[in-house]
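Read the structure below first, then the notes.
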Amino acid sequence: MRDMQSEPQAFDRVLSSMCTEPHPVARDAAERFLATNPGDPGTYPSVSALEEEAIAMLGSIAGLEEPTGYIASGGTEANIQAVRIARDRAESQRPNVVMPESAHFSFQKAADILGVELRIVPTDDNFRADLEAVRASVDEATALVIGVAGTTEYGRVDPIPELGEIARSVGAMLHVDAAWGGFVLPFTDYEWNFEHAPVDTMAIDPHKMGQAAVPAGGLLARSDDLLNELAVDTPYLESTSQATLTGTRSGAGVASAVAAMEELWPEGYKRQYVRSQNNAKWLADALEKRGYDVVDPTLPLVAADVPRSTFDALRAKGWRISRTATGELRIVCMPHVTREMLASFIGDLDRLEVRASVPVASDD
């Protein structure tokens, strides 16, 4: 029998994850509501009420006065559900979805599961959706246009209002994937939410920058009729229908999300954003001073052209780092990432550079 005394992954060298250590109040709430099931609201009314509170708070963050939605497992589920809503509302028998190449790979899963055509358009020189390419790709069969508010690889924010105009021009819906960016963008000047554009649905994850425990994603919809597209009858439950993708869900994510948002929104999140953004700028400057090409961190995410050999050596030292599709080092300045961690990382990088620059002795 295996020894189950294993310890979870420590965060002291995790630099690539978009998840983080939950806030202490979120951790406590998750533990208390672990065995409740918001998928059966008639049996578990207390966690059902908490979910309504969570959606109301997410609506406040995302500029939506009367939101509807639910706490999902994460951005992947929310994105699949958004595509499902758009497909089911489409008049075309062969609907298509248009998204930038910077969008999350979960949309490829959605297209495969739901049988819709996925049209992927390039990004511009700033790693944002190319609007002309989007215009050239939509047509009368387009059910959904996707914009990203905080891309996974470069932390970029697509021109959401303009994407909304394009979507409306062909009668399509607009979905915004703000799974990572949703808890930092309220403190920036970007136009990204329901108040700024004709957004129909949004993914926004409390378990990322929101500091809730995993799993606690979020799906928001502008109106009840959109969420009703997902509903199926639930004959053996006290509730009559269910719009979620999963059935049984732990109330841990719901309670954790509410606890984190009550504790941190808005001032705590604002302080965290400033801290994370300053860390990203510090790291970008440190890498540029060492001669690396760095993508300007518009949100707390840094990408730099570090050679594969150096990247592999840093991984060998225990740093949990990743690369973009085009090969850059990618570091996400999540709440658990401190300046001391980044300084230690740069110290290891410097030592590797010194070692690489020392000439190998000749046998001659």
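Naming works like this for the structure tokens: A, B, ... for the chains as they're shown, residue 1 at the start of each chain, ligands 1 onward in shown order.
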
Kindly assemble as JSON lines a list of the range 94-120 of chain A residues that lie within 12 Å of range 322-334 of chain A, each paired with its nearest atom pair and their distance in Å to one decimal, using only C-alpha atoms, sorted first by chain and then by ascending residue number.
```
{"residue": "A:Glu101", "atom": "CA", "partner": "A:Ala325", "partner_atom": "CA", "distance": 10.5}
{"residue": "A:Ser102", "atom": "CA", "partner": "A:Ala325", "partner_atom": "CA", "distance": 9.7}
{"residue": "A:His104", "atom": "CA", "partner": "A:Ala325", "partner_atom": "CA", "distance": 11.8}
{"residue": "A:Phe105", "atom": "CA", "partner": "A:Ala325", "partner_atom": "CA", "distance": 11.6}
```

May I have the residues from that selection written out with N, CA and C atoms, as a PDB file, in the first residue's frame?
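Below is the file out.pdb, written as the result:
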```
ATOM      1  N   GLU A 101      -5.549  33.387 -32.172  1.00  0.00           N
ATOM      2  CA  GLU A 101      -4.638  32.285 -31.873  1.00  0.00           C
ATOM      3  C   GLU A 101      -4.134  32.322 -30.431  1.00  0.00           C
ATOM      4  N   SER A 102      -4.282  33.457 -29.773  1.00  0.00           N
ATOM      5  CA  SER A 102      -3.862  33.602 -28.377  1.00  0.00           C
ATOM      6  C   SER A 102      -4.871  33.032 -27.390  1.00  0.00           C
ATOM      7  N   HIS A 104      -7.265  30.413 -25.276  1.00  0.00           N
ATOM      8  CA  HIS A 104      -6.909  29.199 -24.537  1.00  0.00           C
ATOM      9  C   HIS A 104      -7.271  27.944 -25.314  1.00  0.00           C
ATOM     10  N   PHE A 105      -6.480  26.891 -25.119  1.00  0.00           N
ATOM     11  CA  PHE A 105      -6.718  25.636 -25.828  1.00  0.00           C
ATOM     12  C   PHE A 105      -8.041  24.976 -25.453  1.00  0.00           C
TER      13      PHE A 105
END
```

(request) Would you mind listing what lies within 10 Å of Ala179 in chain A as a PyMOL selection string, with only C-alpha atoms counted and same-chain residues fewer than 2 positions away left out? (result) chain A and resi 18+74-76+78-79+104+148-152+176-177+181-183+202-210+217-219

(message) Just want the 12 Å neighbourhood of Ser169 in chain A, counted on only C-alpha atoms, with same-chain residues fewer than 3 positions away dropped. Output as an NGL selection string.
(response) :A and (134-135 or 138-145 or 162-166 or 172-174 or 198)

Generate a file of the selected residues that holds N, CA and C atoms, formatted as an mmCIF file, in the first residue's frame.
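What landed in result.cif:
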```cif
data_model
loop_
_atom_site.group_PDB
_atom_site.id
_atom_site.type_symbol
_atom_site.label_atom_id
_atom_site.label_comp_id
_atom_site.auth_asym_id
_atom_site.auth_seq_id
_atom_site.Cartn_x
_atom_site.Cartn_y
_atom_site.Cartn_z
ATOM 1 N N VAL A 134 -10.316 39.128 -37.960
ATOM 2 C CA VAL A 134 -11.603 38.710 -37.403
ATOM 3 C C VAL A 134 -12.726 39.080 -38.364
ATOM 4 N N ARG A 135 -12.680 40.315 -38.875
ATOM 5 C CA ARG A 135 -13.725 40.765 -39.817
ATOM 6 C C ARG A 135 -13.774 39.869 -41.054
ATOM 7 N N VAL A 138 -15.560 36.247 -39.982
ATOM 8 C CA VAL A 138 -16.951 36.068 -39.571
ATOM 9 C C VAL A 138 -17.877 36.056 -40.777
ATOM 10 N N ASP A 139 -19.016 35.387 -40.610
ATOM 11 C CA ASP A 139 -20.035 35.385 -41.646
ATOM 12 C C ASP A 139 -21.388 35.108 -40.985
ATOM 13 N N GLU A 140 -22.407 34.870 -41.787
ATOM 14 C CA GLU A 140 -23.752 34.697 -41.243
ATOM 15 C C GLU A 140 -23.883 33.438 -40.383
ATOM 16 N N ALA A 141 -22.931 32.508 -40.517
ATOM 17 C CA ALA A 141 -22.972 31.284 -39.713
ATOM 18 C C ALA A 141 -22.152 31.399 -38.437
ATOM 19 N N THR A 142 -21.563 32.563 -38.196
ATOM 20 C CA THR A 142 -20.764 32.734 -36.981
ATOM 21 C C THR A 142 -21.691 32.854 -35.776
ATOM 22 N N ALA A 143 -21.517 31.948 -34.830
ATOM 23 C CA ALA A 143 -22.337 31.957 -33.623
ATOM 24 C C ALA A 143 -21.683 32.719 -32.496
ATOM 25 N N LEU A 144 -20.337 32.777 -32.482
ATOM 26 C CA LEU A 144 -19.625 33.346 -31.346
ATOM 27 C C LEU A 144 -18.294 33.930 -31.791
ATOM 28 N N VAL A 145 -18.001 35.112 -31.271
ATOM 29 C CA VAL A 145 -16.676 35.715 -31.393
ATOM 30 C C VAL A 145 -16.069 35.726 -29.993
ATOM 31 N N GLU A 162 -14.363 46.530 -29.845
ATOM 32 C CA GLU A 162 -14.333 46.359 -31.299
ATOM 33 C C GLU A 162 -14.754 44.946 -31.697
ATOM 34 N N LEU A 163 -14.343 43.961 -30.934
ATOM 35 C CA LEU A 163 -14.783 42.593 -31.207
ATOM 36 C C LEU A 163 -16.294 42.468 -31.029
ATOM 37 N N GLY A 164 -16.838 43.199 -30.046
ATOM 38 C CA GLY A 164 -18.283 43.203 -29.856
ATOM 39 C C GLY A 164 -19.018 43.776 -31.050
ATOM 40 N N GLU A 165 -18.474 44.833 -31.621
ATOM 41 C CA GLU A 165 -19.092 45.430 -32.811
ATOM 42 C C GLU A 165 -19.087 44.456 -33.983
ATOM 43 N N ILE A 166 -17.977 43.751 -34.150
ATOM 44 C CA ILE A 166 -17.886 42.777 -35.240
ATOM 45 C C ILE A 166 -18.888 41.648 -35.016
ATOM 46 N N ALA A 172 -23.777 37.584 -34.102
ATOM 47 C CA ALA A 172 -23.114 36.592 -33.256
ATOM 48 C C ALA A 172 -23.035 37.075 -31.816
ATOM 49 N N MET A 173 -22.773 36.151 -30.914
ATOM 50 C CA MET A 173 -22.549 36.479 -29.514
ATOM 51 C C MET A 173 -21.077 36.813 -29.294
ATOM 52 N N LEU A 174 -20.788 37.447 -28.145
ATOM 53 C CA LEU A 174 -19.414 37.772 -27.757
ATOM 54 C C LEU A 174 -19.120 37.145 -26.402
ATOM 55 N N PRO A 198 -20.635 44.930 -25.619
ATOM 56 C CA PRO A 198 -21.811 44.036 -25.624
ATOM 57 C C PRO A 198 -21.411 42.580 -25.367
#
```

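Each of A:Glu7, A:Glu191, A:Asp28, A:Asp225 was checked against Gly63 in chain A using only C-alpha atoms; the smallest atom-to-atom distance is that of A:Glu191.
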
(request) Report the residues of range 52-254 of chain A whose backbone DSSP state falls under alpha helix (DSSP H), written as a ChimeraX atom specification. (result) /A:52-61,75-89,106-114,131-137,160-169,224-228,251-254

Counting only C-alpha atoms, which residues of range 23-50 of chain A sit at most 7 Å from some atom of range 249-255 of chain A, and what is each one's closest atom pair with its distance in Å to one decimal, listed by chain and rising residue number, as CSV?
```
residue,atom,partner,partner_atom,distance
A:Ala29,CA,A:Ala255,CA,5.5
A:Ala30,CA,A:Ala252,CA,3.9
A:Glu31,CA,A:Ala252,CA,6.4
A:Phe33,CA,A:Ala252,CA,4.9
A:Leu34,CA,A:Ala252,CA,4.5
A:Ala35,CA,A:Ser250,CA,6.2
A:Thr36,CA,A:Gly251,CA,4.9
A:Asn37,CA,A:Ser250,CA,5.1
A:Pro38,CA,A:Gly251,CA,5.8
A:Gly39,CA,A:Arg249,CA,5.7
A:Val47,CA,A:Gly251,CA,6.2
A:Leu50,CA,A:Ala255,CA,6.5
```

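Proximity to Gly318 in chain A was assessed for A:Ala10, A:Gln5, A:Ala90, A:Gln211 counting only C-alpha atoms; the smallest distance is recorded for A:Ala10.
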
(message) List as a ChimeraX atom specification the protein and nucleic acid residues near Lys281 in chain A, meaning an atom at most 7 Å away when only C-alpha atoms are counted, but skip any in the same chain fewer than 4 places from it.
(response) /A:277,285,297

(request) as a PyMOL selection string, please: all residues of range 145-310 of chain A that backbone DSSP puts in strand (DSSP E). (result) chain A and resi 145-148+173-177+201-203+217-221+232-233+241-242+294-295+301-304

For the selection just defined, write its residues with N, CA, C and O atoms to a file, as a tab-separated table (two decimals), in the first residue's frame.
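Full text of result17.tsv as output:
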```
chain	number	residue	atom	x	y	z
A	145	VAL	N	-18.00	35.11	-31.27
A	145	VAL	CA	-16.68	35.71	-31.39
A	145	VAL	C	-16.07	35.73	-29.99
A	145	VAL	O	-16.74	36.07	-29.02
A	146	ILE	N	-14.80	35.34	-29.90
A	146	ILE	CA	-14.12	35.22	-28.61
A	146	ILE	C	-13.03	36.27	-28.49
A	146	ILE	O	-12.23	36.46	-29.41
A	147	GLY	N	-13.00	36.94	-27.36
A	147	GLY	CA	-11.91	37.85	-27.03
A	147	GLY	C	-11.30	37.43	-25.70
A	147	GLY	O	-11.99	36.84	-24.85
A	148	VAL	N	-10.03	37.72	-25.53
A	148	VAL	CA	-9.34	37.32	-24.30
A	148	VAL	C	-8.93	38.56	-23.53
A	148	VAL	O	-8.33	39.49	-24.09
A	173	MET	N	-22.77	36.15	-30.91
A	173	MET	CA	-22.55	36.48	-29.51
A	173	MET	C	-21.08	36.81	-29.29
A	173	MET	O	-20.22	36.50	-30.12
A	174	LEU	N	-20.79	37.45	-28.14
A	174	LEU	CA	-19.41	37.77	-27.76
A	174	LEU	C	-19.12	37.15	-26.40
A	174	LEU	O	-19.84	37.36	-25.43
A	175	HIS	N	-18.06	36.35	-26.36
A	175	HIS	CA	-17.59	35.75	-25.11
A	175	HIS	C	-16.22	36.31	-24.78
A	175	HIS	O	-15.35	36.41	-25.66
A	176	VAL	N	-16.01	36.67	-23.53
A	176	VAL	CA	-14.71	37.16	-23.06
A	176	VAL	C	-14.12	36.15	-22.08
A	176	VAL	O	-14.77	35.82	-21.08
A	177	ASP	N	-12.92	35.69	-22.38
A	177	ASP	CA	-12.21	34.82	-21.46
A	177	ASP	C	-11.33	35.69	-20.57
A	177	ASP	O	-10.23	36.09	-20.96
A	201	THR	N	-21.25	36.55	-22.51
A	201	THR	CA	-20.80	35.60	-21.49
A	201	THR	C	-19.33	35.87	-21.16
A	201	THR	O	-18.60	36.45	-21.95
A	202	MET	N	-18.93	35.41	-19.97
A	202	MET	CA	-17.55	35.64	-19.54
A	202	MET	C	-17.09	34.51	-18.63
A	202	MET	O	-17.84	34.01	-17.79
A	203	ALA	N	-15.84	34.11	-18.81
A	203	ALA	CA	-15.15	33.24	-17.86
A	203	ALA	C	-14.30	34.11	-16.96
A	203	ALA	O	-13.54	34.95	-17.44
A	217	GLY	N	-13.90	28.25	-10.58
A	217	GLY	CA	-14.00	29.10	-11.76
A	217	GLY	C	-15.33	29.83	-11.75
A	217	GLY	O	-16.13	29.67	-10.83
A	218	GLY	N	-15.55	30.61	-12.78
A	218	GLY	CA	-16.82	31.33	-12.83
A	218	GLY	C	-17.31	31.51	-14.25
A	218	GLY	O	-16.53	31.84	-15.15
A	219	LEU	N	-18.61	31.26	-14.47
A	219	LEU	CA	-19.27	31.58	-15.74
A	219	LEU	C	-20.32	32.65	-15.46
A	219	LEU	O	-21.21	32.44	-14.62
A	220	LEU	N	-20.20	33.78	-16.13
A	220	LEU	CA	-21.19	34.85	-16.03
A	220	LEU	C	-21.93	34.99	-17.35
A	220	LEU	O	-21.34	34.83	-18.42
A	221	ALA	N	-23.22	35.29	-17.27
A	221	ALA	CA	-24.03	35.57	-18.46
A	221	ALA	C	-24.79	36.87	-18.23
A	221	ALA	O	-25.17	37.20	-17.10
A	232	VAL	N	-31.19	21.51	-18.22
A	232	VAL	CA	-31.82	20.22	-18.49
A	232	VAL	C	-32.68	19.86	-17.27
A	232	VAL	O	-32.43	20.32	-16.16
A	233	ASP	N	-33.70	19.04	-17.49
A	233	ASP	CA	-34.58	18.63	-16.40
A	233	ASP	C	-33.82	17.73	-15.43
A	233	ASP	O	-32.97	16.93	-15.82
A	241	SER	N	-34.40	21.88	-12.65
A	241	SER	CA	-33.50	21.91	-13.80
A	241	SER	C	-32.09	22.25	-13.34
A	241	SER	O	-31.89	22.72	-12.22
A	242	GLN	N	-31.13	22.00	-14.24
A	242	GLN	CA	-29.73	22.25	-13.91
A	242	GLN	C	-29.01	22.75	-15.15
A	242	GLN	O	-29.11	22.15	-16.22
A	294	VAL	N	12.61	40.95	-24.14
A	294	VAL	CA	11.49	40.78	-23.22
A	294	VAL	C	10.24	41.39	-23.82
A	294	VAL	O	10.26	42.50	-24.36
A	295	VAL	N	9.13	40.66	-23.72
A	295	VAL	CA	7.83	41.20	-24.11
A	295	VAL	C	7.32	42.07	-22.97
A	295	VAL	O	7.23	41.62	-21.82
A	301	LEU	N	2.64	39.39	-16.15
A	301	LEU	CA	3.16	38.21	-16.82
A	301	LEU	C	4.34	38.64	-17.69
A	301	LEU	O	4.25	39.61	-18.44
A	302	VAL	N	5.44	37.90	-17.59
A	302	VAL	CA	6.67	38.25	-18.29
A	302	VAL	C	7.06	37.13	-19.23
A	302	VAL	O	7.06	35.94	-18.84
A	303	ALA	N	7.38	37.47	-20.47
A	303	ALA	CA	7.90	36.51	-21.44
A	303	ALA	C	9.22	37.04	-21.96
A	303	ALA	O	9.34	38.23	-22.28
A	304	ALA	N	10.22	36.17	-22.05
A	304	ALA	CA	11.56	36.59	-22.47
A	304	ALA	C	12.21	35.49	-23.29
A	304	ALA	O	12.00	34.29	-23.05
```

(message) Restricting the calculation to only C-alpha atoms: of A:Tyr292, A:Gly347, A:Arg315, A:Thr188, which residue gets closest to Tyr273 in chain A?
(response)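 Answer, going by the shortest atom-to-atom distance: A:Thr188.
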